[in-house]
Structures are given as C-alpha cells and as structure tokens.
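Enquirer: Dropping a structure here in structure tokens format, bear with me for questions.
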Amino acid sequence: MYVVNHETAGGLNPAGNALHVLAIGTDGRLTQSASPLFLPVPGTANPQGVVALRFDPEHFLAAGAGPGGVPNVKVYNAAGDPVRSFLAYDANFGGGVSVATGDVTGDGIDDIVTGAGPGGGPHVKVFDGSNGAEVDSFFAYDAGFTGGVHVGLANVDGDGRADIITGAGPGGGPHVKVFDGTDLRLVNNFFAYSPNFTGGVFVAGGDLDTDGRAEIVTGAGVGGGTHVRAFDGLTGTERVSFFAGDPTGRGGVTVGVGDFDGNGSADIVTGRGDSSTVRIFDGAAILGGTARSLADLIAYPASPLNGAFVAATDLNDDDRADIISGSTRGSQVKVFDAATQAEIESFLAFDSSFNGGVHVG
C-alpha cells in the first residue's frame with residue numbers, strides 16, 4: 001500500500017493530475033500501478049492504491065560431492081555462477097553429501113539442505129540460502145545407523161514453506177520421513193518399498209494433483225530396480241507406482257519433481273544408477289494410470305558406469321522447471337531445457353580428477 005501526499009499546487013495542473021506509481025520489487029522488477037490516481041489541487045489529498053508486484057523466489061542449484069572426497073557443497077545461481085562453497089560436515093568425512101534446495105526459512109530465497117552419505121550417520125543440516133549460515137541440524141534416523149540419508153524438499157502441508165523429506169541410505173530399509181520445515185516436527189513416516197529391501201530410497205516431492213500440497217516421490221536405491229512411487233505427503237497413501245525403465249535393472253532410480261510442461265501440475269524426472277538415460281513423466285497422466293513420457297535424453301556418454309542423479313529447478317523464471325543432472329562418476333553437472341532437451345549449462349562442480357559423482361538439488 002502506498003500513500004501520496006501533496007500540499008502545493010506548484011508545477012501541478014489546477015484542474016487535477018493523473019499519477020502513476022512505479023515500484024521496484026526485491027527481485028528487481030519495475031512495476032507500474034495498473035490505473036492512475038487522480039489528485040485534485042489545490043489542497044491536500046491522500047489517495048491510496050496498490051501496486052501488484054511479482055516477487056519471484058531466488059533459485060539456486062546445489063552440487064554435493066559424492067563419496068571419496070571431502071563433503072563439499074557448491075551453490076550456483078540461475079546464471080551458473082558460483083555463489084558459495086562450504087563443507088557440510090567434518091573435512092575428514094569421505095562418505096559424500098546429498099543435497100536439496102527450497103525455501104525452508106520463508107524468505108523467498110532457496111535454502112540448502114544436506115544429508116550425510118554412507119558412513120556418516122543420518123545427519124541432516126539446513127543452511128540459509130541468503131548467507132550460508134547453518135540454521136538447523138538433526139538426525140533423521142537412529143544416530144547409530146551408518147547408511148547415510150538422502151534428502152528432498154517440498155511443501156507437504158501447504159503452508160508455503162518447504163518441508164524436509166528424508167530417505168534412508170543403503171543398508172537400511174526404504175524408510176521415508178517428513179519433517180515440518182518450521183520446527184522439524186515429524187509429519188509422516190512410512191516404508192516406500194518392502195521393509196526387507198536394504199538398498200535405501202531416493203526422495204523428492206512436488207504437487208502432482210494441484211491441491212496445494214506436495215506428494216512424496218520415491219525411487220528405489222541400488223538393487224531395487226527402477227521402481228518409482230508417489231505418496232500422499234500427509235497420509236502416506238500410495239498415489240502412483242510405475243517403472244521408469246527396465247524392471248529387472250538393479251542400478252536404482254533417482255527422482256526429482258517439477259512442472260516441466262508449464263501446465264500447473266508437477267511432473268517426475270528420473271535418472272538411473274546404471275544408465276545415463278534421463279526421463280520425464282507427465283504427472284497428470286501418471287495419476288490417471290498412464291506412465292506417459294514427456295522427454296527422454298542421454299545426459300552423459302552411454303555406459304553402465306555412467307548414471308545420473310537428477311533434480312528439477314526453474315532457473316530462468318519461465319514458469320517451467322529445468323532438468324538438473326549430476327554424473328554418478330566424475331563431477332559433471334548439466335542443465336537441460338525440458339521442452340527441447342537442449343543443453344543449457346555444463347560444468348565440473350569439483351576437480352576433474354574426482355570420480356565420486358555429484359549429487360544435485
């Protein structure tokens with residue numbers, strides 16, 4: 001709301017004056033009031049009006065080093081420029097670090113959530129996207145569990161803030177938990193696959209049915225095939241179940257969620273541990289029982305050793321998610337346009353000699 005005051009007729013039309021107001025939002029956009037205000041003179045007038053501003057959230061791309069190196073996290077802005085780099089855990093820890101980005105603190109800027117890899121316990125941390133400060137830290141499962149933890153972010157409860165989704169790493173059952181982003185209260189927990197499966201579970205989230213609350217999307221870990229499922233975030237009820245590739249494959253399947261076609265409904269992107277094929281599945285069609293593919297691309301040179309971690313983020317503010325991929329070997333990160341499958345960005349997040357892979361979020 002703005003108020004305009006004037007107490008002099010100097011320089012004004014005695015018959016009255018039409019006034020437009022320009023305002024600059026925090027995202028740098030200059031917006032003009034939709035209709036002019038009329039100020040009579042002489043005298044004092046306090047007309048009131050509202051300028052509608054578009055406040056686009058500030059999105060980041062995060063890259064977390066895989067096992068074999070220090071637990072390094074690098075953060076990039078929408079232009080692909082590095083914003084910051086930090087160690088999420090002790091420098092002596094070599095189990096790698098999973099990453100996710102989303103607005104946990106509610107300030108309109110993506111925050112970074114990390115999960116310790118195998119050997120580090122299920123340690124989850126939250127870092128403020130505006131300054132890199134650590135703002136939360138907790139263990140998602142028993143501190144004695146050494147399989148690590150995968151992380152995701154989505155607005156599960158519809159309050160406008162991202163909630164933290166965790167999936168147990170290899171060695172544990174496919175245990176999924178949801179923690180409220182505001183107070184870390186446990187919102188939901190369930191097993192995405194048979195409790196006897198010990199390959200772990202990859203997690204992501206997004207609003208597939210456009211009800212304002214995110215569904216939880218899971219991918220079976222190594223040894224579990226390409227089985228993807230989606231669940232109601234609050235009740236744990238299964239909504240979707242399909243295979244993203246060969247059901248007999250045993251490389252596992254990584255998952256991300258975003259609105260790739262701009263229809264308002266989130267879609268699912270998948271990557272595999274034993275193939276560099278990345279696929280997008282139409283979210284609305286999947287809910288209707290059809291696993292319809294919107295796009296298929298080869299992110300890296302074809303090889304059973306070249307897999308792909310995946311994520312989804314709208315980096316260019318065109319209201320369509322972009323595909324983010326990270327190699328399961330080396331440290332190459334790529335960004336693809338979902339509509340054309342054109343490669344937008346490609347860079348090495350870490351030293352060219354590093355072969356531990358790179359998690360993306």
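Simple scheme: letters A, B, ... for chains in structure tokens order, numbers from 1 for residues in each chain, numbers from 1 for ligands in the order shown.
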Residues near Phe354 (chain A), anyone? I mean within 12 Å using only C-alpha atoms, not counting same-chain ones fewer than 2 positions away, as JSON, numbers by chain.
Expert: {"A": [65, 66, 67, 68, 69, 70, 72, 96, 327, 328, 329, 330, 331, 332, 348, 349, 350, 351, 352, 356, 357, 358]}
Enquirer: Only C-alpha atoms, please: the residues just picked out, written as a short mmCIF file (atom, residue, chain, number, x, y, z; two decimals), in the first residue's frame.
Expert:
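Output file again-v6.cif follows:
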data_model
loop_
_atom_site.label_atom_id
_atom_site.label_comp_id
_atom_site.auth_asym_id
_atom_site.auth_seq_id
_atom_site.Cartn_x
_atom_site.Cartn_y
_atom_site.Cartn_z
CA ALA A 65 30.37 -34.24 -3.69
CA GLY A 66 29.89 -38.00 -3.77
CA PRO A 67 31.93 -40.48 -1.73
CA GLY A 68 35.70 -40.40 -1.85
CA GLY A 69 36.26 -36.70 -1.24
CA VAL A 70 35.53 -34.08 1.38
CA ASN A 72 31.94 -30.24 -0.24
CA GLY A 96 29.67 -37.83 0.29
CA SER A 327 27.02 -37.69 -13.04
CA THR A 328 27.35 -40.69 -10.73
CA ARG A 329 31.03 -40.72 -11.78
CA GLY A 330 33.16 -37.63 -12.03
CA SER A 331 31.62 -34.27 -11.13
CA GLN A 332 29.91 -33.03 -14.28
CA LEU A 348 32.55 -29.56 -13.45
CA ALA A 349 31.44 -28.90 -9.89
CA PHE A 350 34.67 -30.30 -8.46
CA ASP A 351 38.19 -31.14 -9.59
CA SER A 352 38.41 -33.03 -12.88
CA GLY A 356 32.95 -39.94 -6.76
CA GLY A 357 29.94 -38.48 -8.54
CA VAL A 358 27.93 -35.36 -7.81
#
Enquirer: Once DSSP has gone over the backbone, tell me which residues of region 187-309 of chain A are in helix (DSSP H, G or I), as a PyMOL selection string.
Expert: chain A and resi 283-287
Enquirer: Convert the current residue selection to file output with C-alpha atoms, as an mmCIF file, in the first residue's frame.
Expert:
data_model
loop_
_atom_site.group_PDB
_atom_site.id
_atom_site.type_symbol
_atom_site.label_atom_id
_atom_site.label_comp_id
_atom_site.auth_asym_id
_atom_site.auth_seq_id
_atom_site.Cartn_x
_atom_site.Cartn_y
_atom_site.Cartn_z
ATOM 1 C CA GLY A 283 2.410 -36.045 -13.596
ATOM 2 C CA ALA A 284 -1.262 -35.741 -14.543
ATOM 3 C CA ALA A 285 -1.096 -38.795 -16.811
ATOM 4 C CA ILE A 286 0.627 -40.852 -14.129
ATOM 5 C CA LEU A 287 -2.138 -40.073 -11.649
#
Enquirer: CA of Gly121 (chain A) and CA of Gly361 (chain A) are how many Å apart?
Expert: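 Computing it gives 20.2 Å between the two atoms.
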Enquirer: Give me the residues within 7 Å of Ser275 (chain A) as JSON, numbers by chain, counting only C-alpha atoms and dropping any in the same chain fewer than 2 places off.
Expert: {"A": [272, 273, 277, 302, 303, 304, 306, 307]}
Enquirer: Which residues are near Arg279 (chain A)? Cut-off 6 Å, only C-alpha atoms, ignore same chain within fewer than 6 positions. Put them as a list in words.
Expert: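 Residues near the query, excluding close chain neighbours: Val269, Thr270, Ala295 and Asp296 of chain A.
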Enquirer: As an MDAnalysis selection string, which residues of region 53-115 of chain A does DSSP assign to strand (DSSP E or B)?
Expert: chainID A and resid 58 61:65 72:76 82:87 97:102 109 111:115
Enquirer: Output N, CA and C atoms for every residue in the selection just made, as a compact mmCIF listing (two decimals), in the first residue's frame.
Expert:
# COMPACT_ATOMS: atom_id res chain seq x y z
N GLU A 58 14.20 -16.61 -5.33
CA GLU A 58 15.55 -16.74 -5.87
C GLU A 58 15.97 -18.20 -5.79
N LEU A 61 21.10 -23.70 -7.58
CA LEU A 61 21.45 -25.07 -7.91
C LEU A 61 22.56 -25.48 -6.96
N ALA A 62 22.37 -26.60 -6.28
CA ALA A 62 23.39 -27.08 -5.34
C ALA A 62 24.00 -28.37 -5.85
N ALA A 63 25.30 -28.52 -5.63
CA ALA A 63 26.03 -29.73 -6.00
C ALA A 63 26.76 -30.25 -4.78
N GLY A 64 26.56 -31.53 -4.47
CA GLY A 64 27.21 -32.15 -3.33
C GLY A 64 28.15 -33.25 -3.79
N ALA A 65 29.38 -33.23 -3.29
CA ALA A 65 30.37 -34.24 -3.69
C ALA A 65 29.94 -35.63 -3.25
N ASN A 72 32.01 -31.58 0.32
CA ASN A 72 31.94 -30.24 -0.24
C ASN A 72 30.59 -30.00 -0.91
N VAL A 73 30.01 -28.84 -0.64
CA VAL A 73 28.78 -28.40 -1.30
C VAL A 73 29.08 -27.09 -2.02
N LYS A 74 28.70 -27.01 -3.28
CA LYS A 74 28.84 -25.78 -4.03
C LYS A 74 27.46 -25.31 -4.48
N VAL A 75 27.26 -24.00 -4.42
CA VAL A 75 25.96 -23.40 -4.74
C VAL A 75 26.14 -22.45 -5.91
N TYR A 76 25.24 -22.56 -6.88
CA TYR A 76 25.30 -21.73 -8.09
C TYR A 76 23.99 -20.98 -8.26
N PRO A 82 29.09 -19.39 -9.50
CA PRO A 82 29.21 -19.88 -8.12
C PRO A 82 28.86 -18.80 -7.10
N VAL A 83 28.06 -19.18 -6.12
CA VAL A 83 27.64 -18.26 -5.07
C VAL A 83 28.43 -18.50 -3.79
N ARG A 84 28.58 -19.76 -3.43
CA ARG A 84 29.37 -20.09 -2.25
C ARG A 84 29.76 -21.56 -2.30
N SER A 85 30.72 -21.91 -1.45
CA SER A 85 31.19 -23.27 -1.32
C SER A 85 31.50 -23.52 0.15
N PHE A 86 31.10 -24.68 0.66
CA PHE A 86 31.33 -24.96 2.08
C PHE A 86 31.38 -26.47 2.31
N LEU A 87 31.94 -26.85 3.46
CA LEU A 87 31.94 -28.24 3.89
C LEU A 87 30.74 -28.45 4.79
N VAL A 97 27.81 -36.30 0.19
CA VAL A 97 26.73 -35.49 0.75
C VAL A 97 25.63 -35.29 -0.29
N SER A 98 24.39 -35.66 0.06
CA SER A 98 23.25 -35.40 -0.81
C SER A 98 22.73 -33.99 -0.53
N VAL A 99 22.06 -33.40 -1.52
CA VAL A 99 21.64 -32.01 -1.39
C VAL A 99 20.22 -31.82 -1.94
N ALA A 100 19.55 -30.80 -1.43
CA ALA A 100 18.25 -30.37 -1.96
C ALA A 100 18.13 -28.88 -1.72
N THR A 101 17.39 -28.19 -2.57
CA THR A 101 17.18 -26.75 -2.42
C THR A 101 15.69 -26.44 -2.37
N GLY A 102 15.35 -25.44 -1.57
CA GLY A 102 13.97 -25.00 -1.42
C GLY A 102 13.88 -24.00 -0.29
N ILE A 109 14.04 -17.07 -0.67
CA ILE A 109 15.33 -17.47 -1.21
C ILE A 109 15.55 -18.95 -0.91
N ASP A 111 16.96 -22.26 0.28
CA ASP A 111 17.94 -22.72 1.26
C ASP A 111 18.51 -24.05 0.79
N ILE A 112 19.57 -24.50 1.44
CA ILE A 112 20.22 -25.75 1.05
C ILE A 112 20.13 -26.73 2.20
N VAL A 113 19.60 -27.91 1.92
CA VAL A 113 19.53 -28.99 2.90
C VAL A 113 20.48 -30.09 2.47
N THR A 114 21.23 -30.62 3.42
CA THR A 114 22.21 -31.66 3.11
C THR A 114 21.95 -32.91 3.93
N GLY A 115 22.36 -34.05 3.38
CA GLY A 115 22.30 -35.32 4.08
C GLY A 115 23.64 -36.02 3.98
Enquirer: When distances are computed from only C-alpha atoms, which of A:Asp163, A:His123, A:Leu294, A:His359 shows the smallest separation from Ala339 (chain A)?
Expert: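 So, comparing all the options, the nearest one is A:Leu294.
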Enquirer: I'd like the neighbourhood of Asp142 (chain A) as a list in words, where a residue qualifies if any of its atoms comes within 12 Å (using only C-alpha atoms), though same-chain residues fewer than 5 positions away should be ignored.
Expert: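 My list of contacting residues is Gly120, Gly121, Pro122, His123, Gly147, Gly148, Val149, Ala168, Gly172 and His175 of chain A.
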Enquirer: Could those selected residues go to a file with C-alpha atoms, as a PDB file, in the first residue's frame?
Expert:
ATOM      1  CA  GLY A 120      28.272 -40.514   8.373  1.00  0.00           C
ATOM      2  CA  GLY A 121      25.037 -41.388  10.088  1.00  0.00           C
ATOM      3  CA  PRO A 122      21.655 -39.925   9.044  1.00  0.00           C
ATOM      4  CA  HIS A 123      22.771 -36.357   9.748  1.00  0.00           C
ATOM      5  CA  GLY A 147      23.990 -45.855   5.788  1.00  0.00           C
ATOM      6  CA  GLY A 148      23.564 -42.124   5.426  1.00  0.00           C
ATOM      7  CA  VAL A 149      20.464 -40.234   4.334  1.00  0.00           C
ATOM      8  CA  ALA A 168      17.349 -43.907   4.471  1.00  0.00           C
ATOM      9  CA  GLY A 172      18.625 -49.652   5.966  1.00  0.00           C
ATOM     10  CA  HIS A 175      12.208 -45.657   5.365  1.00  0.00           C
TER      11      HIS A 175
END
Enquirer: Using only C-alpha atoms, which residues of region 112-182 of chain A come within 12 Å of region 204-225 of chain A, and what is the closest atom pair for each, with the distance in Å to one decimal? Give it as a tab-separated table, sorted by chain and residue number.
Expert:
residue	atom	partner	partner_atom	distance
A:Gly147	CA	A:Gly221	CA	11.8
A:Val149	CA	A:Gly221	CA	11.5
A:His150	CA	A:Ala204	CA	9.3
A:Val151	CA	A:Ala204	CA	7.4
A:Gly152	CA	A:Ala204	CA	4.7
A:Leu153	CA	A:Gly205	CA	6.3
A:Ala154	CA	A:Gly205	CA	5.0
A:Asn155	CA	A:Ala214	CA	5.5
A:Val156	CA	A:Ala214	CA	4.5
A:Asp157	CA	A:Arg213	CA	5.6
A:Gly158	CA	A:Arg213	CA	4.7
A:Asp159	CA	A:Arg213	CA	8.5
A:Gly160	CA	A:Gly212	CA	8.9
A:Arg161	CA	A:Arg213	CA	10.6
A:Ala162	CA	A:Ala214	CA	9.5
A:Asp163	CA	A:Gly205	CA	9.4
A:Ile164	CA	A:Ala204	CA	9.4
A:Ile165	CA	A:Ala204	CA	7.0
A:Thr166	CA	A:Ala204	CA	8.6
A:Gly167	CA	A:Thr218	CA	8.4
A:Ala168	CA	A:Gly221	CA	9.4
A:Gly169	CA	A:Gly221	CA	7.9
A:Pro170	CA	A:Gly221	CA	7.1
A:Gly171	CA	A:Gly221	CA	10.1
A:Gly172	CA	A:Gly221	CA	10.4
A:Gly173	CA	A:Gly221	CA	10.0
A:Pro174	CA	A:Ala220	CA	7.7
A:His175	CA	A:Thr218	CA	10.3
A:Val176	CA	A:Thr218	CA	8.6
A:Lys177	CA	A:Ile216	CA	9.8
A:Val178	CA	A:Ile216	CA	8.9
Enquirer: Just to be explicit: take each residue in the selection above, keep N, CA and C atoms, and write the result as a compact mmCIF listing (two decimals), in the first residue's frame.
Expert:
# COMPACT_ATOMS: atom_id res chain seq x y z
N GLY A 147 24.25 -45.81 7.22
CA GLY A 147 23.99 -45.86 5.79
C GLY A 147 23.81 -44.50 5.15
N VAL A 149 21.84 -40.68 4.54
CA VAL A 149 20.46 -40.23 4.33
C VAL A 149 20.37 -39.40 3.06
N HIS A 150 19.34 -39.68 2.26
CA HIS A 150 19.02 -38.87 1.09
C HIS A 150 18.00 -37.81 1.51
N VAL A 151 18.05 -36.64 0.88
CA VAL A 151 17.15 -35.55 1.28
C VAL A 151 16.40 -34.98 0.08
N GLY A 152 15.22 -34.45 0.37
CA GLY A 152 14.41 -33.74 -0.60
C GLY A 152 13.65 -32.64 0.10
N LEU A 153 13.07 -31.72 -0.66
CA LEU A 153 12.31 -30.61 -0.09
C LEU A 153 11.03 -30.41 -0.90
N ALA A 154 9.92 -30.17 -0.20
CA ALA A 154 8.65 -29.87 -0.86
C ALA A 154 7.67 -29.36 0.18
N ASN A 155 6.70 -28.58 -0.26
CA ASN A 155 5.68 -28.03 0.64
C ASN A 155 4.58 -29.07 0.84
N VAL A 156 4.80 -29.95 1.79
CA VAL A 156 3.90 -31.08 2.01
C VAL A 156 2.60 -30.66 2.68
N ASP A 157 2.66 -29.72 3.63
CA ASP A 157 1.48 -29.36 4.41
C ASP A 157 0.74 -28.14 3.88
N GLY A 158 1.22 -27.53 2.81
CA GLY A 158 0.50 -26.42 2.19
C GLY A 158 0.65 -25.09 2.88
N ASP A 159 1.65 -24.93 3.75
CA ASP A 159 1.81 -23.67 4.47
C ASP A 159 2.72 -22.68 3.73
N GLY A 160 3.18 -23.04 2.55
CA GLY A 160 4.01 -22.14 1.76
C GLY A 160 5.50 -22.29 1.98
N ARG A 161 5.89 -23.08 2.96
CA ARG A 161 7.32 -23.31 3.21
C ARG A 161 7.68 -24.76 2.88
N ALA A 162 8.92 -24.96 2.47
CA ALA A 162 9.38 -26.30 2.15
C ALA A 162 9.55 -27.13 3.42
N ASP A 163 9.09 -28.36 3.36
CA ASP A 163 9.30 -29.33 4.42
C ASP A 163 10.40 -30.29 3.99
N ILE A 164 11.03 -30.94 4.96
CA ILE A 164 12.20 -31.78 4.69
C ILE A 164 11.78 -33.23 4.57
N ILE A 165 12.12 -33.84 3.44
CA ILE A 165 11.84 -35.25 3.18
C ILE A 165 13.15 -36.01 3.26
N THR A 166 13.15 -37.12 3.97
CA THR A 166 14.38 -37.92 4.08
C THR A 166 14.11 -39.36 3.67
N GLY A 167 15.13 -39.98 3.10
CA GLY A 167 15.09 -41.40 2.76
C GLY A 167 16.34 -42.06 3.28
N ALA A 168 16.19 -43.20 3.93
CA ALA A 168 17.35 -43.91 4.47
C ALA A 168 18.30 -44.32 3.35
N GLY A 169 19.59 -44.25 3.64
CA GLY A 169 20.60 -44.66 2.68
C GLY A 169 20.76 -46.17 2.64
N PRO A 170 21.69 -46.67 1.84
CA PRO A 170 21.89 -48.11 1.71
C PRO A 170 22.25 -48.76 3.04
N GLY A 171 21.72 -49.96 3.23
CA GLY A 171 21.95 -50.69 4.47
C GLY A 171 20.76 -50.67 5.39
N GLY A 172 19.84 -49.73 5.17
CA GLY A 172 18.63 -49.65 5.97
C GLY A 172 17.42 -49.95 5.10
N GLY A 173 16.27 -50.10 5.72
CA GLY A 173 15.05 -50.27 4.95
C GLY A 173 14.69 -48.99 4.23
N PRO A 174 13.75 -49.04 3.28
CA PRO A 174 13.37 -47.86 2.50
C PRO A 174 12.45 -46.93 3.29
N HIS A 175 12.98 -46.44 4.40
CA HIS A 175 12.21 -45.66 5.36
C HIS A 175 12.20 -44.19 4.96
N VAL A 176 11.00 -43.65 4.77
CA VAL A 176 10.82 -42.25 4.38
C VAL A 176 10.21 -41.48 5.54
N LYS A 177 10.75 -40.29 5.80
CA LYS A 177 10.19 -39.42 6.84
C LYS A 177 9.98 -38.02 6.28
N VAL A 178 9.01 -37.32 6.87
CA VAL A 178 8.75 -35.92 6.51
C VAL A 178 8.80 -35.09 7.79
Enquirer: Neighbours of Thr182 (chain A) within 9 Å (only C-alpha atoms; same-chain residues fewer than 2 positions away dropped), as a list in words?
Expert: Val104, Thr105, Gly106, Arg161, Ala162, Asp163, Phe179, Asp180, Leu184 and Arg185 of chain A
Enquirer: Under the rule that only C-alpha atoms are counted, which of A:Gly117, A:Gly271, A:Gly251, A:Gly258 is the nearest residue to Leu315 (chain A)?
Expert: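 The answer is A:Gly258, which sits nearest to Leu315 (chain A).
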